[in-house]
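Novice: This is entry_21.txt, which holds compact mmCIF, C-alpha atoms:
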```
# COMPACT_ATOMS: atom_id res chain seq x y z
CA MET J 1 -8.33 20.85 -12.14
CA ARG J 2 -10.99 20.70 -9.44
CA SER J 3 -14.04 18.47 -9.33
CA VAL J 4 -15.99 16.29 -6.96
CA SER J 5 -13.16 13.78 -7.52
CA GLY J 6 -10.65 16.16 -5.88
CA VAL J 7 -7.79 18.38 -7.01
CA ARG J 8 -5.40 17.18 -9.68
CA GLY J 9 -2.66 18.47 -11.94
CA ILE J 10 0.79 17.92 -13.38
CA ALA J 11 3.14 17.27 -10.47
CA GLY J 12 5.62 20.10 -10.01
CA ALA J 13 3.79 22.38 -12.43
CA ASP J 14 0.09 22.74 -11.62
CA LEU J 15 0.25 20.67 -8.45
CA THR J 16 3.08 21.72 -6.15
CA THR J 17 3.80 21.18 -2.46
CA ASP J 18 2.47 24.69 -1.79
CA VAL J 19 -0.80 23.85 -3.54
CA VAL J 20 -1.03 20.59 -1.60
CA ARG J 21 -0.46 22.41 1.69
CA ARG J 22 -3.19 24.93 0.86
CA TYR J 23 -5.81 22.30 0.09
CA ALA J 24 -4.78 20.06 2.99
CA ALA J 25 -5.00 23.03 5.38
CA ALA J 26 -8.44 23.86 3.96
CA TYR J 27 -9.51 20.25 4.45
CA GLY J 28 -8.32 20.39 8.05
CA ALA J 29 -10.44 23.51 8.58
CA PHE J 30 -13.35 21.82 6.81
CA VAL J 31 -13.17 18.79 9.12
CA ARG J 32 -12.79 20.86 12.28
CA ALA J 33 -15.73 23.10 11.32
CA ARG J 34 -17.85 19.95 11.39
CA GLY J 35 -16.60 18.89 14.80
CA GLY J 36 -13.98 16.44 13.55
CA ARG J 37 -10.38 16.04 14.66
CA ARG J 38 -8.89 12.90 13.02
CA VAL J 39 -8.00 12.48 9.34
CA GLY J 40 -6.49 9.46 7.60
CA LEU J 41 -3.75 9.99 5.03
CA GLY J 42 -2.64 7.55 2.35
CA ARG J 43 -0.92 7.62 -1.04
CA ASP J 44 -0.19 5.56 -4.10
CA SER J 45 3.29 4.89 -5.47
CA ARG J 46 3.82 7.93 -7.73
CA ALA J 47 7.27 9.50 -7.52
CA SER J 48 5.81 12.80 -6.34
CA GLY J 49 3.78 11.01 -3.68
CA PRO J 50 6.20 11.10 -0.72
CA ALA J 51 6.73 14.88 -0.95
CA PHE J 52 3.02 15.59 -1.37
CA TYR J 53 2.16 13.15 1.43
CA ALA J 54 4.58 14.92 3.78
CA ALA J 55 3.25 18.36 2.78
CA ALA J 56 -0.33 17.27 3.39
CA ALA J 57 0.55 15.77 6.78
CA ASP J 58 2.36 18.95 7.88
CA ALA J 59 -0.56 21.16 6.82
CA LEU J 60 -3.13 19.00 8.57
CA VAL J 61 -1.14 18.98 11.81
CA ALA J 62 -0.73 22.76 11.60
CA ALA J 63 -4.50 23.02 11.15
CA GLY J 64 -5.03 21.28 14.48
CA VAL J 65 -5.87 17.84 13.10
CA GLU J 66 -4.61 14.46 14.22
CA VAL J 67 -3.17 12.77 11.13
CA VAL J 68 -3.48 8.99 11.09
CA GLU J 69 -0.79 7.96 8.63
CA LEU J 70 -1.68 4.91 6.55
CA GLY J 71 1.31 5.03 4.20
CA MET J 72 1.19 3.55 0.72
CA VAL J 73 -2.18 1.82 0.40
CA SER J 74 -5.05 1.60 -2.05
CA THR J 75 -7.75 4.24 -2.20
CA PRO J 76 -10.46 1.82 -1.00
CA THR J 77 -8.18 0.86 1.91
CA VAL J 78 -8.16 4.51 3.00
CA GLN J 79 -11.94 4.72 2.64
CA LEU J 80 -12.38 1.64 4.82
CA ALA J 81 -9.93 2.97 7.41
CA VAL J 82 -12.01 6.15 7.71
CA GLU J 83 -15.10 4.01 8.25
CA ASP J 84 -13.54 1.38 10.54
CA LEU J 85 -11.41 3.33 12.99
CA PRO J 86 -13.54 5.58 12.69
CA LEU J 87 -12.01 8.81 11.44
CA ASP J 88 -13.56 12.14 10.52
CA GLY J 89 -12.23 12.15 6.96
CA GLY J 90 -9.29 11.23 4.79
CA ILE J 91 -7.01 12.38 2.01
CA VAL J 92 -5.52 10.09 -0.63
CA VAL J 93 -2.54 11.40 -2.60
CA THR J 94 -3.23 9.73 -5.94
CA ALA J 95 -4.07 10.56 -9.52
CA SER J 96 -5.70 7.15 -9.91
CA HIS J 97 -5.47 6.07 -13.58
CA ASN J 98 -4.01 9.36 -14.88
CA PRO J 99 -0.63 9.27 -16.69
CA ILE J 100 2.64 9.18 -14.79
CA GLU J 101 3.23 12.94 -14.68
CA TRP J 102 -0.03 13.62 -12.81
CA ASN J 103 -0.88 13.56 -9.13
CA ALA J 104 -3.92 14.59 -7.12
CA LEU J 105 -5.65 14.80 -3.78
CA LYS J 106 -8.84 12.80 -3.26
CA PHE J 107 -10.93 13.85 -0.28
CA VAL J 108 -12.86 11.28 1.75
CA GLY J 109 -15.68 12.34 4.04
CA ALA J 110 -16.76 10.91 7.36
CA GLY J 111 -18.20 7.43 6.80
CA GLY J 112 -15.62 6.60 4.12
CA ARG J 113 -17.42 8.05 1.09
CA PHE J 114 -16.03 10.73 -1.19
CA LEU J 115 -17.26 14.26 -0.65
CA THR J 116 -20.58 15.25 -2.14
CA ARG J 117 -20.68 18.17 -4.55
CA PRO J 118 -21.86 20.67 -1.88
CA ASP J 119 -19.10 19.55 0.51
CA ALA J 120 -16.48 19.74 -2.24
CA ASP J 121 -17.64 23.26 -3.09
CA ALA J 122 -17.40 24.23 0.58
CA LEU J 123 -13.87 22.85 0.75
CA PHE J 124 -12.80 24.73 -2.37
CA ALA J 125 -14.26 27.94 -0.99
CA LEU J 126 -12.09 27.52 2.10
CA ALA J 127 -9.01 26.88 -0.06
CA ASP J 128 -9.74 30.00 -2.11
CA GLY J 129 -10.31 32.18 0.95
CA ALA J 130 -7.68 34.24 2.71
CA GLY J 131 -6.24 33.32 6.05
CA VAL J 132 -7.09 29.62 6.33
CA GLY J 133 -5.04 28.54 9.29
CA PRO J 134 -5.15 26.98 12.74
CA ASP J 135 -7.61 28.32 15.26
CA GLY J 136 -6.22 26.35 18.18
CA PRO J 137 -3.34 24.06 19.16
CA ALA J 138 -1.49 22.02 16.56
CA GLY J 139 -2.53 18.46 15.94
CA ARG J 140 -0.38 15.38 16.11
CA ARG J 141 0.57 12.31 14.10
CA SER J 142 -0.18 8.67 14.68
CA ARG J 143 0.31 5.56 12.58
CA ASP J 144 -2.05 2.75 11.61
CA ASP J 145 -0.46 -0.33 10.06
CA GLY J 146 -3.58 -2.48 10.14
CA ALA J 147 -5.62 -0.94 7.35
CA VAL J 148 -4.70 -3.47 4.65
CA GLY J 149 -5.39 -6.40 6.96
CA ARG J 150 -8.80 -5.03 7.88
CA HIS J 151 -9.59 -4.46 4.20
CA LEU J 152 -8.74 -8.09 3.39
CA ASP J 153 -10.76 -9.30 6.37
CA ARG J 154 -13.78 -7.33 5.18
CA VAL J 155 -13.62 -8.86 1.68
CA LEU J 156 -12.88 -12.41 2.81
CA GLY J 157 -15.48 -12.16 5.58
CA LEU J 158 -18.43 -11.67 3.22
CA PRO J 159 -20.82 -14.32 4.59
CA TRP J 160 -22.02 -15.36 1.16
CA LEU J 161 -18.59 -15.51 -0.52
CA ASP J 162 -17.96 -19.24 -1.06
CA LEU J 163 -14.28 -19.41 -0.11
CA VAL J 164 -14.26 -23.21 -0.26
CA ALA J 165 -15.45 -23.22 -3.86
CA ILE J 166 -12.98 -20.54 -4.91
CA ARG J 167 -10.02 -22.17 -3.17
CA SER J 168 -10.88 -25.58 -4.59
CA ARG J 169 -10.44 -24.27 -8.13
CA ARG J 170 -6.79 -23.28 -7.48
CA PHE J 171 -7.08 -20.54 -10.07
CA ARG J 172 -3.93 -19.54 -11.92
CA VAL J 173 -3.97 -15.77 -11.99
CA ALA J 174 -1.70 -13.47 -13.99
CA LEU J 175 -1.50 -10.09 -12.23
CA ASP J 176 -0.34 -6.65 -13.38
CA CYS J 177 -0.12 -4.02 -10.60
CA VAL J 178 1.46 -1.39 -12.93
CA ARG J 179 4.06 -0.65 -10.18
CA GLY J 180 1.31 1.04 -8.18
CA ALA J 181 -0.26 0.49 -4.77
CA GLY J 182 -1.83 -2.80 -5.89
CA ALA J 183 1.26 -4.61 -4.63
CA THR J 184 0.18 -3.77 -1.07
CA ILE J 185 -2.98 -5.89 -1.25
CA MET J 186 -3.65 -7.85 -4.46
CA PRO J 187 -1.03 -10.63 -4.06
CA ALA J 188 -2.16 -11.23 -0.45
CA LEU J 189 -5.80 -11.38 -1.56
CA PHE J 190 -5.11 -13.99 -4.24
CA GLU J 191 -2.97 -16.01 -1.85
CA ALA J 192 -5.83 -16.02 0.67
CA LEU J 193 -8.15 -17.20 -2.11
CA GLY J 194 -5.91 -20.17 -2.87
CA CYS J 195 -4.68 -18.89 -6.22
CA GLU J 196 -1.37 -19.52 -7.95
CA VAL J 197 -0.16 -16.07 -8.96
CA ARG J 198 2.26 -14.98 -11.64
CA ALA J 199 2.77 -11.24 -11.25
CA ILE J 200 4.46 -8.42 -13.12
CA ASN J 201 5.08 -4.82 -12.17
CA LEU J 202 4.84 -5.44 -8.43
CA GLU J 203 7.56 -2.94 -7.50
CA PRO J 204 5.59 -0.01 -6.02
CA ASP J 205 7.88 2.74 -7.27
CA GLY J 206 5.50 4.62 -9.57
CA ALA J 207 7.60 3.94 -12.68
CA PHE J 208 4.58 2.82 -14.67
CA PRO J 209 5.75 0.54 -17.51
CA HIS J 210 2.74 1.47 -19.62
CA GLU J 211 -0.18 3.88 -19.46
CA PRO J 212 -1.83 3.04 -16.15
CA GLU J 213 -5.50 3.06 -17.10
CA PRO J 214 -6.52 -0.63 -17.30
CA ILE J 215 -8.11 -0.55 -20.76
CA PRO J 216 -7.47 -3.15 -23.49
CA GLU J 217 -4.84 -1.18 -25.41
CA HIS J 218 -2.64 -0.98 -22.30
CA LEU J 219 -2.75 -4.68 -21.36
CA GLY J 220 -0.40 -6.22 -23.91
CA GLU J 221 2.20 -7.29 -21.34
CA LEU J 222 -0.46 -8.91 -19.17
CA SER J 223 -1.96 -10.70 -22.17
CA ALA J 224 1.46 -12.14 -23.02
CA LEU J 225 1.89 -13.30 -19.40
CA VAL J 226 -1.49 -15.06 -19.47
CA ARG J 227 -0.51 -16.98 -22.58
CA ALA J 228 3.01 -17.79 -21.37
CA SER J 229 1.89 -18.97 -17.93
CA GLY J 230 -1.27 -20.81 -18.94
CA ALA J 231 -3.28 -18.67 -16.53
CA ASP J 232 -7.03 -19.03 -16.13
CA LEU J 233 -7.34 -15.28 -16.28
CA GLY J 234 -5.40 -12.05 -16.09
CA ILE J 235 -6.13 -9.22 -13.67
CA ALA J 236 -4.98 -5.62 -14.09
CA VAL J 237 -5.52 -2.82 -11.59
CA ASP J 238 -4.88 0.89 -11.80
CA PRO J 239 -2.33 2.64 -9.53
CA ASP J 240 -4.74 3.30 -6.65
CA VAL J 241 -6.57 -0.03 -7.00
CA ASP J 242 -10.16 1.11 -7.38
CA ARG J 243 -10.52 -0.20 -10.94
CA LEU J 244 -9.93 -3.69 -12.33
CA ALA J 245 -9.87 -5.23 -15.80
CA ILE J 246 -9.97 -8.88 -16.83
CA VAL J 247 -8.07 -10.75 -19.55
CA ASP J 248 -9.44 -14.14 -20.60
CA GLU J 249 -7.50 -17.41 -20.70
CA SER J 250 -6.43 -16.84 -24.32
CA GLY J 251 -4.89 -13.48 -23.46
CA ARG J 252 -7.76 -11.39 -24.82
CA PRO J 253 -8.82 -8.33 -22.79
CA ILE J 254 -12.59 -8.62 -22.50
CA GLY J 255 -13.27 -4.93 -21.77
CA GLU J 256 -13.65 -3.23 -18.43
CA ASP J 257 -17.48 -3.21 -18.55
CA TYR J 258 -17.36 -6.96 -17.96
CA THR J 259 -15.80 -6.44 -14.51
CA LEU J 260 -19.11 -5.22 -13.12
CA ALA J 261 -21.03 -7.85 -15.11
CA PHE J 262 -18.96 -10.65 -13.55
CA ALA J 263 -19.46 -9.13 -10.10
CA VAL J 264 -23.23 -8.91 -10.59
CA ARG J 265 -23.37 -12.61 -11.44
CA ALA J 266 -21.76 -13.38 -8.08
CA VAL J 267 -24.65 -11.85 -6.09
CA PRO J 268 -26.45 -14.75 -4.33
CA PRO J 269 -30.21 -15.32 -4.82
CA GLN J 270 -31.05 -14.35 -1.24
CA LEU J 271 -29.86 -10.78 -1.79
CA ARG J 272 -32.48 -8.60 -3.45
CA GLY J 273 -32.22 -5.03 -4.64
CA PRO J 274 -31.37 -3.15 -7.79
CA VAL J 275 -28.05 -2.89 -9.59
CA VAL J 276 -27.06 0.76 -10.04
CA THR J 277 -24.68 1.83 -12.78
CA ASN J 278 -24.18 4.93 -14.87
CA LEU J 279 -25.77 5.92 -18.14
CA SER J 280 -22.65 5.10 -20.19
CA THR J 281 -22.14 1.53 -18.97
CA SER J 282 -22.54 -1.42 -21.32
CA LEU J 283 -25.66 -3.56 -21.64
CA VAL J 284 -23.57 -6.57 -20.56
CA VAL J 285 -24.39 -5.42 -17.01
CA ASP J 286 -28.12 -5.49 -17.80
CA ASP J 287 -27.74 -8.99 -19.22
CA ALA J 288 -25.91 -10.18 -16.10
CA ALA J 289 -28.53 -8.60 -13.85
CA LYS J 290 -31.32 -10.26 -15.79
CA MET J 291 -29.69 -13.67 -15.28
CA SER J 292 -29.63 -12.98 -11.53
CA GLY J 293 -33.20 -11.67 -11.45
CA LEU J 294 -32.09 -8.15 -10.56
CA ALA J 295 -33.32 -4.84 -11.91
CA VAL J 296 -30.93 -2.20 -13.25
CA GLU J 297 -31.18 1.49 -12.48
CA ARG J 298 -28.97 4.07 -14.18
CA ALA J 299 -27.52 7.19 -12.60
CA PRO J 300 -25.55 10.14 -14.00
CA VAL J 301 -21.88 9.47 -14.75
CA GLY J 302 -19.55 9.71 -11.74
CA GLU J 303 -18.88 7.50 -8.74
CA ALA J 304 -20.49 9.97 -6.32
CA ASN J 305 -23.69 9.93 -8.37
CA VAL J 306 -23.77 6.15 -8.48
CA VAL J 307 -23.18 5.88 -4.73
CA GLU J 308 -25.89 8.42 -3.96
CA ARG J 309 -28.41 6.48 -6.07
CA MET J 310 -27.33 3.18 -4.50
CA MET J 311 -27.98 4.57 -1.04
CA ALA J 312 -31.37 5.97 -2.05
CA ARG J 313 -32.52 2.72 -3.69
CA GLY J 314 -30.98 0.16 -1.35
CA ALA J 315 -28.88 -1.30 -4.17
CA VAL J 316 -27.28 -4.69 -3.66
CA ILE J 317 -24.35 -3.85 -5.94
CA GLY J 318 -23.32 -1.09 -8.30
CA GLY J 319 -20.44 0.47 -10.15
CA GLU J 320 -19.34 1.86 -13.47
CA GLY J 321 -18.23 0.48 -16.80
CA ASN J 322 -14.63 1.55 -16.16
CA GLY J 323 -13.89 -1.52 -14.05
CA GLY J 324 -15.19 -0.05 -10.80
CA VAL J 325 -17.31 -2.31 -8.55
CA ILE J 326 -19.13 -1.00 -5.47
CA LEU J 327 -20.45 -3.55 -2.97
CA PRO J 328 -22.32 -1.95 -0.04
CA ALA J 329 -21.73 -5.05 2.08
CA VAL J 330 -18.04 -4.05 2.11
CA HIS J 331 -18.22 -0.28 1.63
CA LEU J 332 -19.64 2.38 -0.67
CA GLY J 333 -16.66 2.92 -2.92
CA ARG J 334 -15.06 1.35 -5.99
CA ASP J 335 -12.86 -1.51 -4.85
CA ALA J 336 -10.63 -3.70 -7.05
CA PRO J 337 -10.07 -6.39 -4.35
CA VAL J 338 -13.86 -6.75 -4.08
CA ALA J 339 -14.12 -6.95 -7.89
CA ALA J 340 -11.43 -9.65 -8.03
CA ALA J 341 -13.07 -11.78 -5.33
CA LEU J 342 -16.47 -11.56 -7.01
CA ALA J 343 -15.05 -12.40 -10.44
CA LEU J 344 -13.44 -15.54 -9.03
CA ALA J 345 -16.68 -16.37 -7.22
CA THR J 346 -18.54 -16.25 -10.54
CA LEU J 347 -15.98 -18.49 -12.22
CA ALA J 348 -16.08 -20.94 -9.29
CA ARG J 349 -19.87 -21.08 -9.13
CA THR J 350 -20.41 -21.56 -12.87
CA GLY J 351 -17.40 -23.79 -13.53
CA LEU J 352 -16.91 -21.87 -16.76
CA SER J 353 -13.90 -20.10 -18.23
CA VAL J 354 -13.82 -16.34 -18.69
CA SER J 355 -14.27 -16.67 -22.46
CA ALA J 356 -17.19 -19.10 -22.06
CA ILE J 357 -19.04 -16.61 -19.87
CA VAL J 358 -18.37 -13.76 -22.28
CA ASN J 359 -19.32 -15.79 -25.35
CA GLY J 360 -22.42 -17.18 -23.64
CA GLY J 361 -24.24 -13.86 -23.75
CA PRO J 362 -24.99 -11.15 -26.28
CA ARG J 363 -22.00 -9.19 -27.48
CA TYR J 364 -21.90 -5.45 -28.04
CA VAL J 365 -19.54 -2.84 -29.39
CA ILE J 366 -19.07 0.52 -27.68
CA VAL J 367 -17.80 3.48 -29.72
CA LYS J 368 -16.73 6.72 -28.03
CA ALA J 369 -16.07 10.15 -29.51
CA LYS J 370 -15.73 13.70 -28.26
CA LEU J 371 -16.16 17.10 -29.90
CA GLY J 372 -15.59 20.67 -28.88
CA ARG J 373 -18.43 22.04 -26.80
CA PRO J 374 -20.72 24.58 -28.50
CA ALA J 375 -20.84 28.03 -26.96
CA GLY J 376 -24.56 27.87 -26.34
CA SER J 377 -26.90 25.40 -24.74
CA LEU J 378 -26.98 21.78 -25.81
CA ASP J 379 -30.76 21.74 -25.60
CA ALA J 380 -31.11 22.24 -29.35
CA VAL J 381 -28.83 19.24 -29.97
CA TYR J 382 -30.88 17.11 -27.62
CA ALA J 383 -34.11 18.21 -29.28
CA ALA J 384 -32.76 17.36 -32.73
CA LEU J 385 -31.69 13.91 -31.59
CA ARG J 386 -35.05 13.23 -29.97
CA ARG J 387 -36.80 14.19 -33.21
CA ARG J 388 -34.40 11.99 -35.18
CA TRP J 389 -35.18 8.99 -32.95
CA SER J 390 -38.69 9.55 -31.68
CA ASP J 391 -39.11 5.81 -31.06
CA ALA J 392 -36.30 5.70 -28.47
CA SER J 393 -36.62 5.74 -24.70
CA ALA J 394 -35.13 9.04 -23.48
CA ASP J 395 -33.23 9.68 -20.22
CA VAL J 396 -32.27 13.29 -19.46
CA GLN J 397 -30.55 12.87 -16.07
CA ASP J 398 -27.11 13.57 -17.55
CA GLY J 399 -27.24 15.05 -21.02
CA LEU J 400 -29.37 12.81 -23.22
CA ARG J 401 -29.41 9.03 -23.45
CA LEU J 402 -31.61 7.45 -26.13
CA ALA J 403 -32.10 3.71 -25.87
CA TRP J 404 -33.66 0.81 -27.72
CA GLY J 405 -33.62 -2.83 -26.69
CA ASP J 406 -30.11 -3.70 -27.78
CA ARG J 407 -28.48 -0.31 -28.43
CA TRP J 408 -28.17 3.22 -27.07
CA ILE J 409 -26.47 6.57 -27.56
CA HIS J 410 -25.44 8.96 -24.78
CA VAL J 411 -24.55 12.61 -25.46
CA ARG J 412 -23.32 14.60 -22.48
CA PRO J 413 -21.01 17.51 -21.63
CA SER J 414 -17.81 16.39 -19.94
CA GLY J 415 -17.31 17.38 -16.33
CA THR J 416 -13.52 17.57 -16.69
CA GLU J 417 -12.89 18.85 -20.24
CA PRO J 418 -14.48 21.51 -22.49
CA VAL J 419 -15.90 18.80 -24.75
CA VAL J 420 -19.09 16.91 -25.44
CA ARG J 421 -18.86 13.13 -25.20
CA VAL J 422 -20.78 10.95 -27.63
CA ILE J 423 -20.93 7.28 -26.67
CA ALA J 424 -22.95 4.57 -28.37
CA GLU J 425 -23.34 0.81 -28.05
CA ALA J 426 -24.89 -1.67 -30.45
CA PRO J 427 -24.50 -5.34 -31.46
CA THR J 428 -22.15 -4.43 -34.32
CA ASP J 429 -19.40 -1.90 -34.83
CA ALA J 430 -21.17 -0.48 -37.88
CA ASP J 431 -24.37 0.14 -35.92
CA ALA J 432 -22.53 1.78 -33.02
CA GLN J 433 -20.46 3.91 -35.41
CA GLY J 434 -23.64 4.99 -37.17
CA LEU J 435 -25.20 6.17 -33.92
CA VAL J 436 -22.08 8.12 -33.02
CA GLU J 437 -21.93 9.74 -36.45
CA ASP J 438 -25.55 10.89 -36.14
CA GLY J 439 -24.68 12.39 -32.75
CA ARG J 440 -21.62 14.11 -34.19
CA ARG J 441 -23.62 15.59 -37.07
CA ALA J 442 -26.17 17.04 -34.66
CA LEU J 443 -23.37 18.66 -32.64
CA LEU J 444 -21.57 19.98 -35.72
CA THR J 445 -24.79 21.55 -36.94
CA MET J 446 -24.86 23.48 -33.67
CA GLY J 447 -21.27 24.68 -34.06
CA ALA J 448 -19.34 22.13 -31.98
```
Step by step, read the file and then write its structure as structure tokens.
Specialist:
Amino acid sequence: MRSVSGVRGIAGADLTTDVVRRYAAAYGAFVRARGGRRVGLGRDSRASGPAFYAAAADALVAAGVEVVELGMVSTPTVQLAVEDLPLDGGIVVTASHNPIEWNALKFVGAGGRFLTRPDADALFALADGAGVGPDGPAGRRSRDDGAVGRHLDRVLGLPWLDLVAIRSRRFRVALDCVRGAGATIMPALFEALGCEVRAINLEPDGAFPHEPEPIPEHLGELSALVRASGADLGIAVDPDVDRLAIVDESGRPIGEDYTLAFAVRAVPPQLRGPVVTNLSTSLVVDDAAKMSGLAVERAPVGEANVVERMMARGAVIGGEGNGGVILPAVHLGRDAPVAAALALATLARTGLSVSAIVNGGPRYVIVKAKLGRPAGSLDAVYAALRRRWSDASADVQDGLRLAWGDRWIHVRPSGTEPVVRVIAEAPTDADAQGLVEDGRRALLTMGA
């Protein structure tokens, strides 16, 4: 599967060392065609990672590129290394939150941001073409062991992050790294923030003990640890550490949309600019922004789309409702260490517990569904929904999003599956379910 997020597949079946070599060689040619010579390479802990990492390194060297090996690190650590050293690009061998049998290549452009759609298309065209190979001398390898330290320094060095207030709280944190790359940075971050940490699944061997996406149904072990240890909160990260979820002090997962909401509340009053998030993110982010006097702007779904809008609008913070927080003051990419530091900053500043913050604002229920995609255009579906709810505010950037004050529905074609996603949020489950059912009926009428 190919998208702006990279190339992914089942390790050993769809994604083999030969496939990895082909795309890594194409990326080397892509970088060199733009005058670059140095590429960072990192990976998460998946069992197929070492072989794919070695294959990618060999192909890049053969393509005439200097490979700066970063080893097992988080995805945002690789992005920062590309920006800091600086390098001309990077590859991360990771399937992020995908199940254990998957792996992937994520491609980082110069400046530390993921490739744009036109650049990704250009890379794929090179990979599909015949005869991609070196046009000069072979490259070489070097090693950088300072990337994690620089990442921590960047987070802890935020001038407005009140380290004294955070450290004075001596937070008790329960941590689940899902045996991924989180072990390379999250314990050190919490130690630097003066926290007492009880951790599970720190062994970075890729033997995920549960499904690795940090959503409530996968956080049972962490919830039990929070209760057993008397922790102030639980923190879960995905295998490549760009997403983070929070569990409250009672052991209840609060939902990954709250990660961005907590981060928004940490933005100090002197920083002005919009909050950018995607069209399918919860209204809890709008509520948090309102409390901080910040406007919210919504972009199409996808990290690259959010980052592009953040750059265009001078956003102070952004992210997505999947637990991804993007803070331009650190870098323009989702970053779980940043999300963790900002969540603790919010708790320290307010003096409140996680549950008190959640219960202190409006509550919503999000319901998600997907249906087979109709053969024809979705325009007729969108038109029917707009007639059905003529009083709603309509956004057509990415499918159709219809919104009222305290509820919304978003209907959009998936970028990774042959399905249409229907997502709705409302104050009650019945209201959200009703919106989704209306969306489903409109799609079924059109043959979905």
Novice: With a distance cut-off of 7 Å and only C-alpha atoms, select the neighbouring residues of Arg334 (chain J), excluding the residue or stretch itself and same-chain residues fewer than 3 positions from it, and output the selection as a PDB file with C-alpha atoms, in the coordinates of the input.
Specialist:
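Resulting contents of selection-v9.pdb:
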```pdb
ATOM      1  CA  PRO J  76     -10.460   1.820  -1.000  1.00  0.00           C
ATOM      2  CA  ASP J 242     -10.160   1.110  -7.380  1.00  0.00           C
ATOM      3  CA  ARG J 243     -10.520  -0.200 -10.940  1.00  0.00           C
ATOM      4  CA  GLY J 319     -20.440   0.470 -10.150  1.00  0.00           C
ATOM      5  CA  GLY J 324     -15.190  -0.050 -10.800  1.00  0.00           C
ATOM      6  CA  VAL J 325     -17.310  -2.310  -8.550  1.00  0.00           C
ATOM      7  CA  ILE J 326     -19.130  -1.000  -5.470  1.00  0.00           C
TER       8      ILE J 326
END
```
Novice: Env of Pro337 (chain J): 8 Å cut, atoms = all atoms listed in the file, seq-sep filter 2 positions within chain, self excluded. Answer as a PyMOL selection string.
Specialist: chain J and resi 155+185-186+189+241+335+339-341
Novice: Residues within 10 Å of Ser393 (chain J), please, as an MDAnalysis selection string. Count all atoms listed in the file; anything in the same chain fewer than 5 positions from it doesn't count.
Specialist: chainID J and resid 386 401:405 408
Novice: From the options J:Arg34, J:Arg227, J:His218, J:Arg46, which residue's atoms come nearest to Ala245 (chain J), counting only C-alpha atoms?
Specialist: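 Between J:Arg34, J:Arg227, J:His218, J:Arg46, the residue approaching Ala245 (chain J) most closely is J:His218.
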Novice: Within 8 Å of Phe124 (chain J), counting all atoms listed in the file, which residues show up once you throw out same-chain ones fewer than 4 positions away? Write them as a list of chain:residue names, please.
Specialist: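 The contact residues come out as J:Tyr23, J:Ala26, J:Ala120, J:Asp128.
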Novice: Could you pull the residues within 7 Å of region 87-103 of chain J, counting all atoms listed in the file, minus those fewer than 5 positions along the same chain, as a list in words?
Specialist: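 Here the answer would be Arg8, Gly9, Ile10, Ala11, Val31, Gly36, Arg37, Arg38, Val39, Gly40, Leu41, Gly42, Arg43, Asp44, Gly49, Tyr53, Thr75, Val82, Val108, Gly109, Ala110, Phe208, Glu211, Pro212, Glu213, Asp238, Pro239 and Asp240 of chain J.
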Novice: May I ask for the distance between CA of Gly302 (chain J) and CA of Glu69 (chain J), given in Å to one decimal place?
Specialist: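 Calculated distance between CA of Gly302 (chain J) and CA of Glu69 (chain J) is 27.7 Å.
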Novice: Rank J:Ala224, J:Leu85, J:Ala25, J:Ala356 by their smallest atom-to-atom distance to Ala59 (chain J), using all atoms listed in the file, and report the top residue only.
Specialist: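 Closest to Ala59 (chain J) of all the choices is J:Ala25.
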Novice: From the list J:Arg252, J:Leu332, J:Asn305, J:Ala343, which residue is nearest Val264 (chain J) when using only C-alpha atoms?
Specialist: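 With only C-alpha atoms as the atom set, the closest residue is J:Ala343.
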Novice: Compare J:Gly12, J:Gly314, J:Gly323, J:Gly415 by their minimum atom-to-atom distance to Ala104 (chain J), counting only C-alpha atoms, and give me the closest one.
Specialist: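 Result for the nearest residue to Ala104 (chain J): J:Gly12.
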Novice: What's the separation between CA of Val19 (chain J) and CA of Leu115 (chain J), in Å to one decimal place?
Specialist: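 Separating CA of Val19 (chain J) from CA of Leu115 (chain J) is a distance of 19.3 Å.
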Novice: Taking all atoms listed in the file into account, which of J:Ala62, J:Phe30, J:Gly146, J:Asp121 comes nearest Ser3 (chain J)?
Specialist: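 Of the candidates, the smallest distance to Ser3 (chain J) is held by J:Asp121.
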Novice: Please, what distance in Å, to one decimal, runs between CA of Leu193 (chain J) and CA of Ala266 (chain J)?
Specialist: 15.3 Å
Novice: Of the candidates J:Val381, J:Ala304, J:Val20, J:Leu161, which shows the shortest atom-to-atom distance to Ala348 (chain J), using all atoms listed in the file?
Specialist: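 Closest to Ala348 (chain J) of all the choices is J:Leu161.
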Novice: Taking (-0.7, -20.7, -14.2) in the file's coordinates, which residues come within 8 Å, counting all atoms listed in the file, written as a compact mmCIF listing (two decimals) with C-alpha atoms, in the frame of the given file?
Specialist:
```
# COMPACT_ATOMS: atom_id res chain seq x y z
CA PHE J 171 -7.08 -20.54 -10.07
CA ARG J 172 -3.93 -19.54 -11.92
CA VAL J 173 -3.97 -15.77 -11.99
CA ALA J 174 -1.70 -13.47 -13.99
CA GLU J 196 -1.37 -19.52 -7.95
CA VAL J 197 -0.16 -16.07 -8.96
CA ARG J 198 2.26 -14.98 -11.64
CA VAL J 226 -1.49 -15.06 -19.47
CA SER J 229 1.89 -18.97 -17.93
CA GLY J 230 -1.27 -20.81 -18.94
CA ALA J 231 -3.28 -18.67 -16.53
CA ASP J 232 -7.03 -19.03 -16.13
```
Novice: Tell me which residues come within 7 Å of (-5.0, 23.1, 8.9), as JSON, numbers by chain, counting all atoms listed in the file in the file's coordinates.
Specialist: {"J": [24, 25, 26, 27, 28, 29, 59, 60, 61, 62, 63, 64, 65, 133, 134]}
